[in-house]
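Raw structure.cif, mmCIF, C-alpha atoms:
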```cif
data_target
loop_
_atom_site.label_atom_id
_atom_site.label_comp_id
_atom_site.auth_asym_id
_atom_site.auth_seq_id
_atom_site.Cartn_x
_atom_site.Cartn_y
_atom_site.Cartn_z
CA MET A 29 57.00 -23.96 41.27
CA ILE A 30 54.45 -21.90 43.20
CA LEU A 31 56.31 -18.73 42.16
CA VAL A 32 56.35 -19.51 38.44
CA PRO A 33 52.91 -18.07 37.46
CA PHE A 34 53.56 -14.84 39.36
CA ILE A 35 56.97 -14.35 37.75
CA TYR A 36 55.64 -15.40 34.35
CA PHE A 37 52.68 -13.01 34.25
CA ILE A 38 54.74 -10.11 35.55
CA LEU A 39 57.24 -10.71 32.75
CA LEU A 40 54.41 -11.16 30.23
CA MET A 41 52.92 -7.84 31.31
CA PHE A 42 56.24 -6.07 30.67
CA VAL A 43 56.76 -7.86 27.35
CA PHE A 44 53.31 -6.77 26.14
CA TRP A 45 54.03 -3.27 27.45
CA TYR A 46 57.41 -3.03 25.73
CA LYS A 47 56.36 -4.59 22.42
CA GLY A 48 53.11 -2.66 22.27
CA LYS A 49 54.90 0.58 23.21
CA ARG A 50 52.27 1.31 25.88
CA PHE A 51 50.51 -0.28 28.82
CA GLY A 52 47.61 -1.76 26.89
CA VAL A 53 44.72 -4.05 27.66
CA ALA A 54 46.82 -7.21 27.25
CA SER A 55 49.28 -5.90 29.85
CA TYR A 56 46.33 -5.04 32.09
CA VAL A 57 44.88 -8.56 31.92
CA SER A 58 48.32 -10.07 32.49
CA PHE A 59 48.72 -7.86 35.56
CA ILE A 60 45.42 -9.13 36.98
CA TYR A 61 46.61 -12.72 36.60
CA ALA A 62 49.91 -11.74 38.20
CA ILE A 63 48.02 -10.36 41.21
CA SER A 64 46.03 -13.58 41.47
CA ALA A 65 49.25 -15.61 41.23
CA PHE A 66 50.83 -13.46 43.95
CA TYR A 67 47.95 -14.28 46.28
CA SER A 68 48.44 -17.95 45.43
CA VAL A 69 51.91 -17.60 46.94
CA LEU A 70 50.36 -16.01 50.04
CA ILE A 71 47.89 -18.89 50.37
CA ASP A 72 50.78 -21.32 50.31
CA TRP A 73 52.79 -19.17 52.71
CA PHE A 74 50.01 -18.89 55.30
CA GLY A 75 48.65 -22.39 54.70
CA PHE A 76 45.05 -21.51 53.83
CA TYR A 77 44.54 -24.89 52.18
CA GLY A 78 41.14 -26.45 52.82
CA GLU A 79 39.60 -23.06 53.68
CA TYR A 80 37.43 -20.59 51.75
CA GLY A 81 37.23 -22.84 48.70
CA VAL A 82 40.94 -23.63 48.45
CA THR A 83 41.59 -27.32 47.77
CA THR A 84 43.84 -29.51 49.88
CA LYS A 85 47.58 -28.98 49.49
CA ILE A 86 49.33 -30.95 46.76
CA PRO A 87 52.72 -30.62 45.06
CA ILE A 88 52.56 -28.03 42.26
CA ASN A 89 53.77 -29.91 39.20
CA PHE A 90 55.33 -28.59 36.02
CA LEU A 91 52.67 -29.67 33.51
CA PRO A 92 49.61 -27.94 35.06
CA THR A 93 51.73 -24.83 35.68
CA LEU A 94 52.88 -24.77 32.05
CA THR A 95 49.35 -25.42 30.77
CA TYR A 96 47.87 -22.65 32.92
CA CYS A 97 50.40 -20.06 31.79
CA VAL A 98 50.38 -21.00 28.10
CA LEU A 99 46.61 -21.25 27.67
CA ILE A 100 45.95 -17.94 29.39
CA THR A 101 48.62 -16.33 27.19
CA ILE A 102 46.88 -17.71 24.11
CA SER A 103 43.56 -16.29 25.30
CA ILE A 104 45.10 -12.83 25.84
CA TRP A 105 47.07 -12.80 22.59
CA PRO A 106 44.32 -11.40 20.29
CA PHE A 107 44.03 -8.32 22.51
CA TYR A 108 47.79 -7.82 22.52
CA HIS A 109 47.76 -7.85 18.73
CA LEU A 110 45.07 -5.17 18.81
CA ASP A 111 47.05 -3.09 21.32
CA ARG A 112 49.91 -2.83 18.82
CA ILE A 113 47.68 -1.21 16.21
CA LYS A 114 47.37 2.56 16.36
CA VAL A 115 43.69 3.37 15.98
CA THR A 116 43.12 6.85 14.57
CA GLU A 117 39.38 6.67 14.01
CA ILE A 118 36.41 4.95 15.71
CA PRO A 119 33.48 5.59 13.37
CA LEU A 120 29.85 5.15 14.38
CA ALA A 121 26.90 4.59 12.07
CA ARG A 122 23.39 5.44 13.29
CA SER A 123 24.28 7.87 16.05
CA LYS A 124 20.60 8.57 16.74
CA PHE A 125 20.03 4.89 17.39
CA PHE A 126 23.05 4.96 19.73
CA THR A 127 21.43 7.80 21.70
CA ARG A 128 18.08 6.01 21.97
CA LEU A 129 19.81 2.82 23.00
CA GLY A 130 21.46 4.76 25.81
CA TYR A 131 18.08 6.03 26.98
CA PHE A 132 16.77 2.46 26.95
CA PHE A 133 19.56 1.24 29.25
CA MET A 134 18.87 4.19 31.56
CA PHE A 135 15.23 3.09 31.68
CA VAL A 136 16.29 -0.47 32.56
CA PHE A 137 18.46 0.82 35.40
CA PHE A 138 15.79 2.99 37.00
CA LEU A 139 13.18 0.29 36.53
CA THR A 140 15.50 -2.18 38.29
CA VAL A 141 15.99 0.24 41.18
CA ILE A 142 12.24 0.82 41.55
CA LEU A 143 11.46 -2.90 41.47
CA CYS A 144 14.19 -3.74 43.97
CA LEU A 145 14.07 -0.70 46.24
CA ASP A 146 12.07 -2.25 49.09
CA ASP A 147 14.17 -5.43 49.04
CA ILE A 148 17.41 -3.43 48.96
CA ARG A 149 16.35 -1.38 51.99
CA SER A 150 15.45 -4.54 53.87
CA ILE A 151 18.72 -6.26 52.99
CA LEU A 152 20.97 -3.30 53.81
CA ASN A 153 19.22 -2.85 57.14
CA GLY A 154 19.59 -6.52 58.02
CA ASP A 155 22.33 -9.10 58.38
CA LEU A 156 24.14 -9.47 55.05
CA SER A 157 25.62 -12.82 56.07
CA GLU A 158 22.11 -14.22 56.67
CA VAL A 159 21.03 -13.04 53.24
CA ARG A 160 23.91 -14.88 51.63
CA ALA A 161 23.17 -18.00 53.66
CA MET A 162 19.57 -17.93 52.43
CA ILE A 163 20.81 -17.80 48.84
CA TYR A 164 23.09 -20.80 49.39
CA ASP A 165 20.19 -22.68 51.00
CA GLU A 166 17.93 -21.63 48.10
CA ASP A 167 15.58 -20.00 50.61
CA VAL A 168 14.57 -17.29 48.18
CA VAL A 169 11.46 -15.25 47.56
CA GLU A 170 8.78 -16.76 45.35
CA GLU A 171 8.68 -15.65 41.75
CA SER A 172 6.47 -12.67 41.01
CA THR A 173 3.41 -12.79 38.79
CA GLY A 174 1.33 -10.42 36.70
CA TRP A 175 2.61 -7.03 35.65
CA ARG A 176 5.53 -7.14 38.05
CA HIS A 177 6.74 -10.35 36.41
CA ILE A 178 6.57 -8.67 32.99
CA LEU A 179 8.48 -5.62 34.21
CA GLU A 180 11.12 -7.82 35.81
CA LEU A 181 11.88 -9.31 32.41
CA PHE A 182 13.75 -6.10 31.51
CA PRO A 183 16.41 -6.39 34.22
CA THR A 184 16.47 -10.17 33.74
CA ILE A 185 17.33 -9.86 30.06
CA PHE A 186 19.30 -6.61 29.96
CA SER A 187 21.12 -6.31 33.30
CA ARG A 188 24.24 -8.05 31.97
CA PHE A 189 24.76 -5.43 29.25
CA SER A 190 26.77 -3.36 31.73
CA PRO A 191 30.10 -3.72 29.82
CA MET A 192 28.43 -2.45 26.66
CA VAL A 193 26.85 0.45 28.56
CA LEU A 194 30.28 1.41 29.90
CA LEU A 195 31.66 1.26 26.35
CA MET A 196 28.85 3.58 25.25
CA PHE A 197 29.68 5.94 28.13
CA PHE A 198 33.32 6.23 27.09
CA TYR A 199 32.42 6.66 23.44
CA SER A 200 29.80 9.29 24.24
CA VAL A 201 32.26 11.32 26.33
CA ILE A 202 35.02 11.13 23.73
CA LYS A 203 33.26 11.23 20.37
CA LEU A 204 29.72 12.56 20.70
CA ASN A 205 28.19 15.87 21.73
CA HIS A 206 25.86 14.53 24.39
CA SER A 207 25.22 16.57 27.51
CA LYS A 208 26.89 15.80 30.84
CA VAL A 209 23.52 14.73 32.19
CA TYR A 210 23.14 12.13 29.44
CA ASN A 211 26.67 10.84 29.94
CA TYR A 212 26.36 10.56 33.71
CA LEU A 213 23.00 8.81 33.46
CA LEU A 214 24.60 6.40 31.01
CA PHE A 215 27.39 5.84 33.51
CA LEU A 216 24.79 5.20 36.21
CA ALA A 217 23.01 2.70 33.98
CA SER A 218 26.14 0.54 33.92
CA PHE A 219 25.45 -0.36 37.57
CA THR A 220 22.27 -2.33 36.82
CA PRO A 221 23.86 -5.73 37.61
CA VAL A 222 25.34 -4.26 40.80
CA VAL A 223 21.81 -3.44 41.96
CA GLY A 224 20.88 -7.08 41.39
CA ALA A 225 23.99 -8.19 43.26
CA ILE A 226 22.88 -6.31 46.37
CA LEU A 227 19.78 -8.51 46.51
CA VAL A 228 22.01 -11.53 47.12
CA ALA A 229 24.65 -9.66 49.16
CA GLY A 230 27.13 -10.36 46.39
CA ARG A 231 30.42 -8.73 45.42
CA THR A 232 31.21 -10.35 42.09
CA GLN A 233 29.44 -7.78 39.92
CA ILE A 234 31.34 -4.96 41.60
CA ILE A 235 34.64 -6.67 40.81
CA TYR A 236 33.52 -7.28 37.23
CA TRP A 237 32.52 -3.63 36.87
CA VAL A 238 35.94 -2.50 38.11
CA PHE A 239 37.67 -4.93 35.75
CA ILE A 240 35.83 -3.78 32.64
CA PHE A 241 36.06 -0.08 33.55
CA GLY A 242 39.83 -0.44 33.93
CA ALA A 243 40.12 -2.14 30.54
CA LEU A 244 38.05 0.53 28.81
CA TYR A 245 39.92 3.37 30.50
CA ILE A 246 43.23 1.92 29.34
CA TYR A 247 41.95 1.45 25.79
CA PHE A 248 40.47 4.95 25.49
CA ARG A 249 43.19 6.74 27.45
CA PRO A 250 44.93 8.10 24.28
CA TYR A 251 41.67 9.89 23.41
CA LEU A 252 41.20 11.50 26.84
CA ASN A 253 42.30 15.09 27.21
CA LYS A 254 42.15 16.83 30.58
CA SER A 255 38.45 17.74 30.44
CA ARG A 256 37.46 14.27 29.26
CA LYS A 257 39.48 12.62 32.01
CA ILE A 258 37.61 14.71 34.55
CA ALA A 259 34.30 13.74 32.94
CA VAL A 260 35.25 10.05 33.18
CA LEU A 261 36.95 9.96 36.58
CA PHE A 262 34.67 12.29 38.54
CA PRO A 263 31.68 9.89 38.69
CA VAL A 264 34.05 6.97 39.29
CA LEU A 265 35.41 8.53 42.48
CA ILE A 266 31.89 9.00 43.82
CA ALA A 267 30.87 5.46 42.87
CA ALA A 268 34.08 4.03 44.32
CA GLY A 269 33.36 5.57 47.72
CA ILE A 270 29.82 4.21 47.87
CA LEU A 271 30.67 0.74 46.55
CA SER A 272 33.70 0.41 48.82
CA VAL A 273 31.52 0.86 51.88
CA TYR A 274 29.12 -1.81 50.63
CA PHE A 275 31.95 -4.16 49.62
CA LEU A 276 33.65 -3.92 52.98
CA ALA A 277 30.34 -4.33 54.82
CA VAL A 278 29.55 -7.55 52.94
CA THR A 279 33.05 -8.90 53.51
CA ALA A 280 32.99 -8.09 57.22
CA SER A 281 29.50 -9.53 57.73
CA ARG A 282 30.39 -12.81 56.07
CA TRP A 283 33.86 -13.39 57.50
CA GLY A 284 34.29 -11.02 60.44
CA GLU A 285 37.86 -11.07 61.73
CA SER A 286 38.81 -13.53 58.97
CA SER A 287 38.08 -11.02 56.18
CA ASP A 288 41.74 -10.61 55.21
CA SER A 289 42.24 -14.36 55.06
CA SER A 290 39.10 -14.90 52.99
CA MET A 291 40.04 -12.22 50.46
CA THR A 292 43.52 -13.69 50.13
CA ALA A 293 42.00 -17.12 49.50
CA TYR A 294 39.46 -15.83 47.00
CA LEU A 295 42.01 -13.81 45.03
CA GLY A 296 44.66 -16.50 44.92
CA GLN A 297 42.92 -19.85 44.71
CA SER A 298 42.46 -20.02 40.93
CA PHE A 299 45.92 -21.33 40.04
CA LEU A 300 46.13 -23.70 43.01
CA ASN A 301 42.68 -25.14 42.38
CA PHE A 302 43.37 -25.47 38.66
CA SER A 303 46.56 -27.40 39.39
CA TYR A 304 44.68 -29.69 41.77
CA PHE A 305 41.94 -30.51 39.25
CA PHE A 306 44.43 -30.86 36.40
CA ASP A 307 46.21 -33.64 38.31
CA HIS A 308 43.30 -35.24 40.18
CA TYR A 309 40.16 -34.84 38.10
CA SER A 310 39.13 -37.11 35.25
CA CYS A 311 36.24 -35.94 33.06
CA ARG A 312 33.56 -38.63 32.99
CA GLU A 313 31.72 -37.24 29.97
CA ILE A 314 31.92 -34.10 27.85
CA SER A 315 29.24 -31.56 28.71
CA PHE A 316 28.40 -28.23 27.06
CA GLN A 317 25.65 -27.38 29.55
CA ARG A 318 27.67 -24.69 31.30
CA ILE A 319 29.57 -23.46 28.23
CA PHE A 320 26.54 -22.96 25.96
CA PRO A 321 23.57 -22.66 28.37
CA PHE A 322 21.33 -20.88 25.85
CA THR A 323 21.56 -23.72 23.33
CA TYR A 324 21.12 -26.30 26.03
CA HIS A 325 18.08 -24.50 27.44
CA PHE A 326 16.16 -23.42 24.33
CA VAL A 327 17.29 -25.88 21.65
CA LEU A 328 17.46 -29.06 23.72
CA GLY A 329 14.69 -27.94 26.08
CA GLN A 330 16.61 -28.75 29.27
CA LYS A 331 17.13 -26.07 31.90
CA PHE A 332 20.67 -25.89 33.23
CA ASP A 333 20.88 -25.79 37.01
CA LEU A 334 24.37 -25.14 38.35
CA THR A 335 23.58 -26.58 41.77
CA ASP A 336 22.36 -29.85 40.27
CA TYR A 337 25.39 -29.95 37.98
CA ARG A 338 27.76 -29.49 40.90
CA GLU A 339 26.00 -32.22 42.86
CA THR A 340 26.25 -34.57 39.87
CA ILE A 341 30.00 -33.94 39.59
CA PHE A 342 30.43 -34.45 43.33
CA ALA A 343 28.43 -37.70 43.25
CA TYR A 344 30.79 -39.46 40.85
CA SER A 345 34.08 -37.71 41.59
CA GLY A 346 33.83 -36.59 45.20
CA GLU A 347 35.14 -33.16 44.13
CA ASN A 348 33.48 -29.84 44.91
CA ILE A 349 33.53 -27.65 41.79
CA GLY A 350 31.85 -24.68 43.49
CA ILE A 351 35.21 -22.93 43.72
CA PHE A 352 37.41 -20.54 41.73
CA TYR A 353 39.81 -22.24 39.32
CA SER A 354 39.68 -19.77 36.42
CA PHE A 355 37.71 -20.28 33.22
CA LEU A 356 40.25 -22.97 32.35
CA GLY A 357 39.12 -25.00 35.35
CA ASP A 358 35.48 -24.85 34.25
CA TRP A 359 36.43 -25.97 30.75
CA LEU A 360 38.65 -28.71 32.17
CA VAL A 361 35.79 -30.13 34.24
CA ASP A 362 33.28 -29.89 31.39
CA LEU A 363 35.43 -30.98 28.44
CA GLY A 364 38.47 -32.76 29.83
CA HIS A 365 42.11 -31.84 29.26
CA GLY A 366 42.05 -32.08 25.47
CA GLY A 367 38.70 -30.31 25.13
CA MET A 368 39.92 -27.45 27.31
CA ILE A 369 43.01 -26.92 25.15
CA LEU A 370 41.01 -27.15 21.93
CA LEU A 371 38.39 -24.65 23.10
CA VAL A 372 41.07 -22.12 24.10
CA ILE A 373 42.60 -22.38 20.63
CA ILE A 374 39.17 -22.01 18.97
CA TYR A 375 38.38 -19.00 21.16
CA ALA A 376 41.69 -17.31 20.31
CA CYS A 377 41.16 -17.90 16.58
CA VAL A 378 37.62 -16.54 16.68
CA ALA A 379 38.75 -13.49 18.67
CA SER A 380 41.64 -12.82 16.28
CA LEU A 381 39.42 -13.03 13.20
CA THR A 382 36.66 -10.97 14.79
CA LEU A 383 38.98 -8.18 15.89
CA LYS A 384 40.98 -8.07 12.67
CA GLN A 385 41.00 -4.60 11.15
CA LYS A 386 39.51 -4.29 7.69
CA ARG A 387 40.90 -0.79 7.19
CA LYS A 388 44.21 0.30 8.72
CA GLY A 389 43.82 2.61 11.69
CA ILE A 390 40.04 2.28 11.82
CA MET A 391 38.18 0.38 14.54
CA PRO A 392 34.40 0.88 14.13
CA PHE A 393 32.19 1.05 17.21
CA TYR A 394 30.40 -2.16 16.27
CA GLN A 395 33.72 -4.01 16.34
CA LEU A 396 34.48 -2.61 19.80
CA MET A 397 31.22 -4.13 21.05
CA LEU A 398 32.53 -7.55 20.10
CA TRP A 399 35.91 -6.65 21.61
CA VAL A 400 34.27 -5.98 24.99
CA LEU A 401 32.26 -9.19 24.75
CA LEU A 402 35.25 -11.38 23.91
CA LEU A 403 37.50 -9.72 26.47
CA GLN A 404 35.28 -10.92 29.30
CA VAL A 405 36.37 -14.54 28.85
CA PRO A 406 39.97 -14.07 30.05
CA LEU A 407 39.30 -10.90 32.08
CA PHE A 408 36.45 -12.21 34.24
CA GLY A 409 37.86 -15.71 33.79
CA VAL A 410 40.54 -15.13 36.40
CA PHE A 411 37.85 -16.52 38.74
CA TYR A 412 35.60 -18.69 36.56
CA TYR A 413 33.78 -18.91 33.23
CA SER A 414 31.32 -16.02 33.47
CA PHE A 415 28.98 -16.94 30.60
CA TRP A 416 27.37 -19.94 32.27
CA ARG A 417 24.19 -18.01 33.19
CA ILE A 418 21.25 -17.83 30.82
CA ASP A 419 21.09 -14.03 31.18
CA MET A 420 24.65 -13.87 29.88
CA SER A 421 23.38 -15.70 26.81
CA TYR A 422 20.86 -12.87 26.31
CA TYR A 423 23.81 -10.49 26.47
CA ILE A 424 25.72 -12.45 23.82
CA LEU A 425 22.74 -12.60 21.47
CA GLY A 426 21.88 -8.96 22.11
CA THR A 427 25.43 -7.89 21.31
CA ILE A 428 25.31 -9.82 18.03
CA VAL A 429 21.98 -8.20 17.11
CA LEU A 430 23.30 -4.72 17.91
CA TYR A 431 26.48 -5.49 15.99
CA LEU A 432 24.39 -6.26 12.91
CA ILE A 433 22.31 -3.11 13.37
CA PHE A 434 25.37 -0.87 13.62
CA ARG A 435 27.36 -2.81 11.04
CA TYR A 436 24.74 -3.05 8.33
CA SER A 437 23.05 0.31 8.72
CA ILE A 438 20.04 0.91 6.51
CA LYS A 439 21.48 4.33 5.66
CA LYS A 440 24.74 2.69 4.53
CA GLU A 441 26.85 5.49 5.92
CA GLN A 442 30.36 5.78 4.63
CA GLU A 443 32.03 4.41 7.78
CA CYS A 444 30.15 1.13 7.44
#
```
Can I see the file as structure tokens?
Amino acid sequence: MILVPFIYFILLMFVFWYKGKRFGVASYVSFIYAISAFYSVLIDWFGFYGEYGVTTKIPINFLPTLTYCVLITISIWPFYHLDRIKVTEIPLARSKFFTRLGYFFMFVFFLTVILCLDDIRSILNGDLSEVRAMIYDEDVVEESTGWRHILELFPTIFSRFSPMVLLMFFYSVIKLNHSKVYNYLLFLASFTPVVGAILVAGRTQIIYWVFIFGALYIYFRPYLNKSRKIAVLFPVLIAAGILSVYFLAVTASRWGESSDSSMTAYLGQSFLNFSYFFDHYSCREISFQRIFPFTYHFVLGQKFDLTDYRETIFAYSGENIGIFYSFLGDWLVDLGHGGMILLVIIYACVASLTLKQKRKGIMPFYQLMLWVLLLQVPLFGVFYYSFWRIDMSYYILGTIVLYLIFRYSIKKEQEC
């Protein structure tokens, strides 16, 4: 049974590829889940159970395996449907606003670098494993005050817009007449959350950046001629070299000679951990704290603290939920088995309706913004539900606001 998800997602990737007549985004997401499932097999082979966040070994049963494969397929399905549609035009209303928005995200990036520069130097010159240990122990620096606190609101609110910034970069290279300097600065601005990740010696934002860049490259590949491919891939090669050094340094500092084992466990634990919780965890009460943190925080007036939430779950169940078990695992813990299934169906319906084309062959830029937003649930969800943070709620609301601005342009341009 341990081999089933790997075989299934490989076959699903090829089915999407064959039916869609190209290797599209749905095939790409399926391939990522196939990689994760392959590492699940390696975990079982090498016996990494009980290490690096992997739960204790249990028999892999049919029902959790079926549920995992089917629900992830449902979550990917809206993007497969979109892959099958040949898009001939991606219109943009308010191009001047687009340009100014790009400059704003560049400002946020450079402001973030300036605010964090001293801390980054200190962290990179120190022991990265100690930095991470301090974060786990909540031994963090006191919150800033005064003008610095006001300036830090920009990266706090806008750092998670990186996927949208990358979308703007691709669109600018392909459709607009911006200079190379503008495009490359826009590309640079997409690394704002990576700068924040360095402060906690983290790697997640780098992985997320790679995931979303890959998805966008695959989507826009039909529009890339030779010169545009060079414009897109040249900065990526430079960034890949720099980030690889950092990524490997963090991994080595935290795990030393066990780096290969830890990476195997991290990449492959989602399915195994999901199966464990599916069979052994019983939801005490339904909670939307982690699923809709913005509503919980600002409407109900209660701040969501993930550490407290994990401790609460551990107190009554004895289970540690600070692990990777895909976005399905988070929804299972928060909503129970039935709630998890229902939310996946609701998500797929919302995504399908949102991404439905109103005019054949035309996919406006404002609709692509929602496409990028919705894609992050299954794409980043190979590890966990990525929207649990309050700053991700700012990203959701900001995307909706920008959607309305581009969609309902005051000028009422023809492509609207």
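Selection by the PyMOL selection byres ((chain A and resi 235) around 12) on the present file picks out Ile60, Phe219, Pro221, Val222, Ala225, Gly230, Arg231, Thr232, Gln233, Ile234, Tyr236, Trp237, Val238, Phe239, Ile240, Phe241, Gly242, Ala268, Leu271, Ser272, Phe275, Leu295, Leu407, Phe408, Gly409, Val410 and Phe411 of chain A.
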Checklist entry - What does the distance between CA of Ile88 (chain A) and CA of Gly296 (chain A) come to in Å, to one decimal place? => result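 Value for the CA of Ile88 (chain A)-CA of Gly296 (chain A) distance: 14.2 Å.
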Checklist entry - Do you know which residues the PyMOL selection byres ((chain A and resi 387-392) around 12) returns on this file, as number ranges by chain? => result A: 110-122, 199, 247, 382-386, 393-399, 431, 434-436, 442-444
Next on the checklist: So that I can see what lies close to Tyr337 (chain A), please list as a ChimeraX atom specification the residues with an atom at most 12 Å from it, counting all atoms listed in the file and leaving out residues fewer than 4 positions away in the same chain.
Outcome noted: /A:315-318,331-333,341-344,347-350,358,361-362,416
Checklist outcome for this item: A straight line from CA of Ala54 (chain A) to CA of Gly357 (chain A) spans 21.0 Å
Could you list the residues chosen by the PyMOL selection byres ((chain A and resi 378) around 12) in this structure as a JSON list (two decimals) with C-alpha atoms, keeping the file's coordinate frame?
```
[["chain", "number", "residue", "atom", "x", "y", "z"],
["A", 102, "ILE", "CA", 46.88, -17.71, 24.11],
["A", 103, "SER", "CA", 43.56, -16.29, 25.30],
["A", 105, "TRP", "CA", 47.07, -12.80, 22.59],
["A", 106, "PRO", "CA", 44.32, -11.40, 20.29],
["A", 107, "PHE", "CA", 44.03, -8.32, 22.51],
["A", 371, "LEU", "CA", 38.39, -24.65, 23.10],
["A", 372, "VAL", "CA", 41.07, -22.12, 24.10],
["A", 373, "ILE", "CA", 42.60, -22.38, 20.63],
["A", 374, "ILE", "CA", 39.17, -22.01, 18.97],
["A", 375, "TYR", "CA", 38.38, -19.00, 21.16],
["A", 376, "ALA", "CA", 41.69, -17.31, 20.31],
["A", 377, "CYS", "CA", 41.16, -17.90, 16.58],
["A", 379, "ALA", "CA", 38.75, -13.49, 18.67],
["A", 380, "SER", "CA", 41.64, -12.82, 16.28],
["A", 381, "LEU", "CA", 39.42, -13.03, 13.20],
["A", 382, "THR", "CA", 36.66, -10.97, 14.79],
["A", 383, "LEU", "CA", 38.98, -8.18, 15.89],
["A", 384, "LYS", "CA", 40.98, -8.07, 12.67],
["A", 398, "LEU", "CA", 32.53, -7.55, 20.10],
["A", 399, "TRP", "CA", 35.91, -6.65, 21.61],
["A", 402, "LEU", "CA", 35.25, -11.38, 23.91],
["A", 403, "LEU", "CA", 37.50, -9.72, 26.47]]
```
Checklist entry - What is the distance, in Å and to one decimal place, between CA of Leu145 (chain A) and CA of Leu214 (chain A)? => result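 Taking CA of Leu145 (chain A) as the start and CA of Leu214 (chain A) as the end point, the length is 19.8 Å.
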Item to check | Option closest in space to Gly426 (chain A), from A:Met291, A:Ile246, A:Ala277, A:Ile185 [counting all atoms listed in the file] | outcome: A:Ile185
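Shell of Ile71 (chain A) at 7 Å, with only C-alpha atoms counted and residues fewer than 4 places along the chain excluded, is Tyr67, Gly75, Phe76, Thr292, Ala293 and Gly296 of chain A.
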Next on the checklist: Residues within 9 Å of Val57 (chain A), please, as an NGL selection string. Count all atoms listed in the file; anything in the same chain fewer than 4 positions from it doesn't count.
Outcome noted: :A and (41 or 52-53 or 61-62 or 104 or 239 or 243 or 406-407)
I'd like the contact shell of Cys144 (chain A) - 8 Å cut-off, only C-alpha atoms, skipping same-chain residues fewer than 4 positions apart - returned as a PDB file with C-alpha atoms, in the frame of the given file.
```pdb
ATOM      1  CA  THR A 140      15.500  -2.180  38.290  1.00  0.00           C
ATOM      2  CA  ILE A 148      17.410  -3.430  48.960  1.00  0.00           C
ATOM      3  CA  VAL A 223      21.810  -3.440  41.960  1.00  0.00           C
ATOM      4  CA  GLY A 224      20.880  -7.080  41.390  1.00  0.00           C
ATOM      5  CA  LEU A 227      19.780  -8.510  46.510  1.00  0.00           C
TER       6      LEU A 227
END
```
Next on the checklist: At a cut-off of 10 Å, using all atoms listed in the file, what residues contact Lys85 (chain A)? Leave out same-chain residues fewer than 6 positions from it and give the result as a list in words.
Outcome noted: Asp72, Gly75, Phe76, Tyr77, Gly78, Leu300, Asn301 and Tyr304 of chain A
Generate the coordinates of N, CA and C atoms for region 220-233 of chain A; report them as a PDB file, in the frame of the given file.
```pdb
ATOM      1  N   THR A 220      23.464  -1.490  36.699  1.00  0.00           N
ATOM      2  CA  THR A 220      22.270  -2.330  36.820  1.00  0.00           C
ATOM      3  C   THR A 220      22.558  -3.694  37.418  1.00  0.00           C
ATOM      4  N   PRO A 221      23.586  -4.429  36.976  1.00  0.00           N
ATOM      5  CA  PRO A 221      23.860  -5.730  37.610  1.00  0.00           C
ATOM      6  C   PRO A 221      24.328  -5.610  39.054  1.00  0.00           C
ATOM      7  N   VAL A 222      24.916  -4.472  39.411  1.00  0.00           N
ATOM      8  CA  VAL A 222      25.340  -4.260  40.800  1.00  0.00           C
ATOM      9  C   VAL A 222      24.123  -4.157  41.706  1.00  0.00           C
ATOM     10  N   VAL A 223      23.066  -3.517  41.197  1.00  0.00           N
ATOM     11  CA  VAL A 223      21.810  -3.440  41.960  1.00  0.00           C
ATOM     12  C   VAL A 223      21.280  -4.839  42.231  1.00  0.00           C
ATOM     13  N   GLY A 224      21.309  -5.693  41.196  1.00  0.00           N
ATOM     14  CA  GLY A 224      20.880  -7.080  41.390  1.00  0.00           C
ATOM     15  C   GLY A 224      21.759  -7.834  42.356  1.00  0.00           C
ATOM     16  N   ALA A 225      23.058  -7.505  42.364  1.00  0.00           N
ATOM     17  CA  ALA A 225      23.990  -8.190  43.260  1.00  0.00           C
ATOM     18  C   ALA A 225      23.692  -7.883  44.717  1.00  0.00           C
ATOM     19  N   ILE A 226      23.200  -6.678  44.991  1.00  0.00           N
ATOM     20  CA  ILE A 226      22.880  -6.310  46.370  1.00  0.00           C
ATOM     21  C   ILE A 226      21.783  -7.216  46.923  1.00  0.00           C
ATOM     22  N   LEU A 227      20.873  -7.652  46.065  1.00  0.00           N
ATOM     23  CA  LEU A 227      19.780  -8.510  46.510  1.00  0.00           C
ATOM     24  C   LEU A 227      20.262  -9.850  47.038  1.00  0.00           C
ATOM     25  N   VAL A 228      21.462 -10.254  46.632  1.00  0.00           N
ATOM     26  CA  VAL A 228      22.010 -11.530  47.120  1.00  0.00           C
ATOM     27  C   VAL A 228      23.277 -11.290  47.947  1.00  0.00           C
ATOM     28  N   ALA A 229      23.466 -10.024  48.367  1.00  0.00           N
ATOM     29  CA  ALA A 229      24.650  -9.660  49.160  1.00  0.00           C
ATOM     30  C   ALA A 229      25.926 -10.114  48.475  1.00  0.00           C
ATOM     31  N   GLY A 230      25.993  -9.911  47.163  1.00  0.00           N
ATOM     32  CA  GLY A 230      27.130 -10.360  46.390  1.00  0.00           C
ATOM     33  C   GLY A 230      28.133  -9.263  46.106  1.00  0.00           C
ATOM     34  N   ARG A 231      29.350  -9.670  45.731  1.00  0.00           N
ATOM     35  CA  ARG A 231      30.420  -8.730  45.420  1.00  0.00           C
ATOM     36  C   ARG A 231      30.965  -8.908  44.008  1.00  0.00           C
ATOM     37  N   THR A 232      30.616 -10.017  43.383  1.00  0.00           N
ATOM     38  CA  THR A 232      31.210 -10.350  42.090  1.00  0.00           C
ATOM     39  C   THR A 232      30.972  -9.282  41.043  1.00  0.00           C
ATOM     40  N   GLN A 233      29.746  -8.763  40.950  1.00  0.00           N
ATOM     41  CA  GLN A 233      29.440  -7.780  39.920  1.00  0.00           C
ATOM     42  C   GLN A 233      30.203  -6.475  40.117  1.00  0.00           C
TER      43      GLN A 233
END
```
